[in-house]
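Pasted below: query16.txt, compact mmCIF, C-alpha atoms.
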```txt
# COMPACT_ATOMS: atom_id res chain seq x y z
CA MET T 22 12.57 31.27 9.15
CA SER T 23 10.22 31.15 6.21
CA THR T 24 9.79 28.26 3.87
CA SER T 25 9.52 28.97 0.21
CA VAL T 26 7.55 26.64 -2.01
CA SER T 27 8.78 26.49 -5.55
CA THR T 28 6.39 25.53 -8.28
CA VAL T 29 6.72 24.11 -11.73
CA GLU T 30 4.20 24.74 -14.45
CA ARG T 31 3.00 21.66 -16.34
CA VAL T 32 0.47 21.24 -19.10
CA VAL T 33 -1.96 18.42 -18.42
CA ARG T 34 -4.50 17.28 -20.94
CA LEU T 35 -7.94 16.38 -19.61
CA THR T 36 -11.05 15.16 -21.27
CA VAL T 37 -13.96 17.58 -21.30
CA PRO T 38 -15.82 15.65 -18.56
CA GLN T 39 -12.66 15.56 -16.41
CA ALA T 40 -12.15 19.31 -16.83
CA GLN T 41 -15.78 19.96 -15.92
CA ARG T 42 -15.54 17.77 -12.82
CA LEU T 43 -12.30 19.49 -11.80
CA ALA T 44 -13.90 22.91 -12.17
CA SER T 45 -17.00 21.83 -10.22
CA LEU T 46 -14.94 20.31 -7.43
CA ALA T 47 -12.73 23.38 -7.18
CA GLN T 48 -15.76 25.65 -7.04
CA ALA T 49 -17.52 23.48 -4.44
CA LYS T 50 -14.44 23.40 -2.21
CA GLN T 51 -13.63 27.07 -2.87
CA LEU T 52 -10.18 26.14 -4.13
CA SER T 53 -8.35 26.81 -7.34
CA GLU T 54 -8.12 23.98 -9.83
CA ASP T 55 -4.36 23.95 -9.20
CA GLN T 56 -4.98 23.38 -5.49
CA VAL T 57 -7.35 20.49 -6.21
CA VAL T 58 -4.85 18.87 -8.55
CA SER T 59 -2.05 19.38 -6.02
CA LYS T 60 -4.09 17.74 -3.24
CA ALA T 61 -5.06 14.88 -5.57
CA LEU T 62 -1.39 14.28 -6.42
CA ASP T 63 -0.47 14.27 -2.72
CA ILE T 64 -3.11 11.57 -2.17
CA LEU T 65 -1.92 9.59 -5.18
CA PHE T 66 1.72 9.74 -4.07
CA SER T 67 0.78 8.69 -0.51
CA LEU T 68 -1.17 5.75 -1.90
CA THR T 69 1.78 4.80 -4.08
CA ASP T 70 4.06 4.86 -1.01
CA VAL T 71 1.67 2.56 0.88
CA LEU T 72 1.40 0.16 -2.05
CA ASN T 73 5.19 0.11 -2.48
CA SER T 74 5.60 -0.67 1.24
CA GLN T 75 3.11 -3.53 0.95
CA ALA T 76 4.91 -4.88 -2.12
CA GLU T 77 8.23 -4.70 -0.27
CA GLY T 78 6.73 -6.61 2.66
CA GLN T 79 5.36 -9.23 0.30
CA GLY T 80 8.78 -9.54 -1.31
CA TRP T 81 10.41 -10.26 2.06
CA SER T 82 7.67 -12.77 2.83
CA ILE T 83 8.27 -14.60 -0.44
CA LEU T 84 12.02 -14.65 0.18
CA SER T 85 11.61 -16.05 3.68
CA GLU T 86 9.13 -18.81 2.79
CA ALA T 87 11.77 -21.22 1.48
CA SER T 88 13.94 -20.81 4.58
CA LEU T 89 11.01 -21.31 6.93
CA ALA T 90 9.88 -24.35 4.99
CA ARG T 91 13.31 -25.95 5.49
CA ILE T 92 13.10 -25.28 9.23
CA TRP T 93 9.51 -26.40 9.73
CA ASP T 94 9.15 -29.20 7.21
CA ASN T 95 11.51 -31.81 8.61
CA GLU T 96 11.23 -35.14 10.45
CA LEU T 97 12.15 -33.70 13.85
CA ASP T 98 9.46 -31.05 13.58
CA ALA T 99 6.90 -33.55 12.30
CA ALA T 100 6.51 -34.92 15.84
CA TYR T 101 5.10 -31.59 16.94
CA ASP T 102 2.54 -31.66 14.15
CA ASN T 103 0.82 -34.47 16.10
CA TRP T 104 0.84 -32.62 19.41
CA GLN T 105 -2.67 -33.76 20.27
CA ASP T 106 -1.54 -37.39 20.13
CA LEU T 107 1.66 -36.57 22.00
CA TYR T 108 -0.21 -34.99 24.90
CA GLY T 109 -3.20 -37.31 24.86
CA ILE T 110 -5.77 -34.66 23.90
CA PRO T 111 -9.02 -36.34 22.87
CA THR T 112 -10.49 -35.38 19.52
CA ARG T 113 -13.88 -33.72 19.57
```
Show me the file's structure as C-alpha cells.
Amino acid sequence: MSTSVSTVERVVRLTVPQAQRLASLAQAKQLSEDQVVSKALDILFSLTDVLNSQAEGQGWSILSEASLARIWDNELDAAYDNWQDLYGIPTR
C-alpha cells in the first residue's frame, strides 16, 4: 500500500533578506527551498497546536476557579486554614 502525497502550489511573497536566508538554509541543509518551507510550516503548526492546548487548559482553569473558591472559601474550611493552631504546632 503506497501513500500518495498531494501538493498545492502557493505563491508566497518574501522580502529579499528572507529569500536569501531561505536559499542559504536550503543549500546548507541540501534541501530544496520547498522542503525547508514545508518543514518550517510543520514546526509552526505543531507550535500552534501546543499553544492552543495550553490556552484550552487555561480556559478550564479559569472556569473552575469560581467553583473551587466557593468550596474552599467558607467558614467550615476556615478552621483548616489554622491547622498549626489546631494541632499545636509551634511557630518557628
Residue nearest Val57 in chain T among T:Ala44, T:Thr69, T:Val32, T:Thr24 (counting all atoms listed in the file):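 So, comparing all the options, the nearest one is T:Ala44.
The interatomic distance for the pair CA of Arg91 in chain T and CA of Ala76 in chain T works out to 23.9 Å.
The closest residue to Val33 in chain T, picked from T:Asn73, T:Glu96, T:Glu54, T:Ala49 and counting only C-alpha atoms, is T:Glu54.
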Residue nearest Arg31 in chain T among T:Gln48, T:Ser74, T:Ser59, T:Ser85 (counting all atoms listed in the file): T:Ser59
Among listed residues T:Tyr108, T:Gly78, T:Val29, T:Leu43, nearest Ala61 in chain T (using all atoms listed in the file): T:Leu43
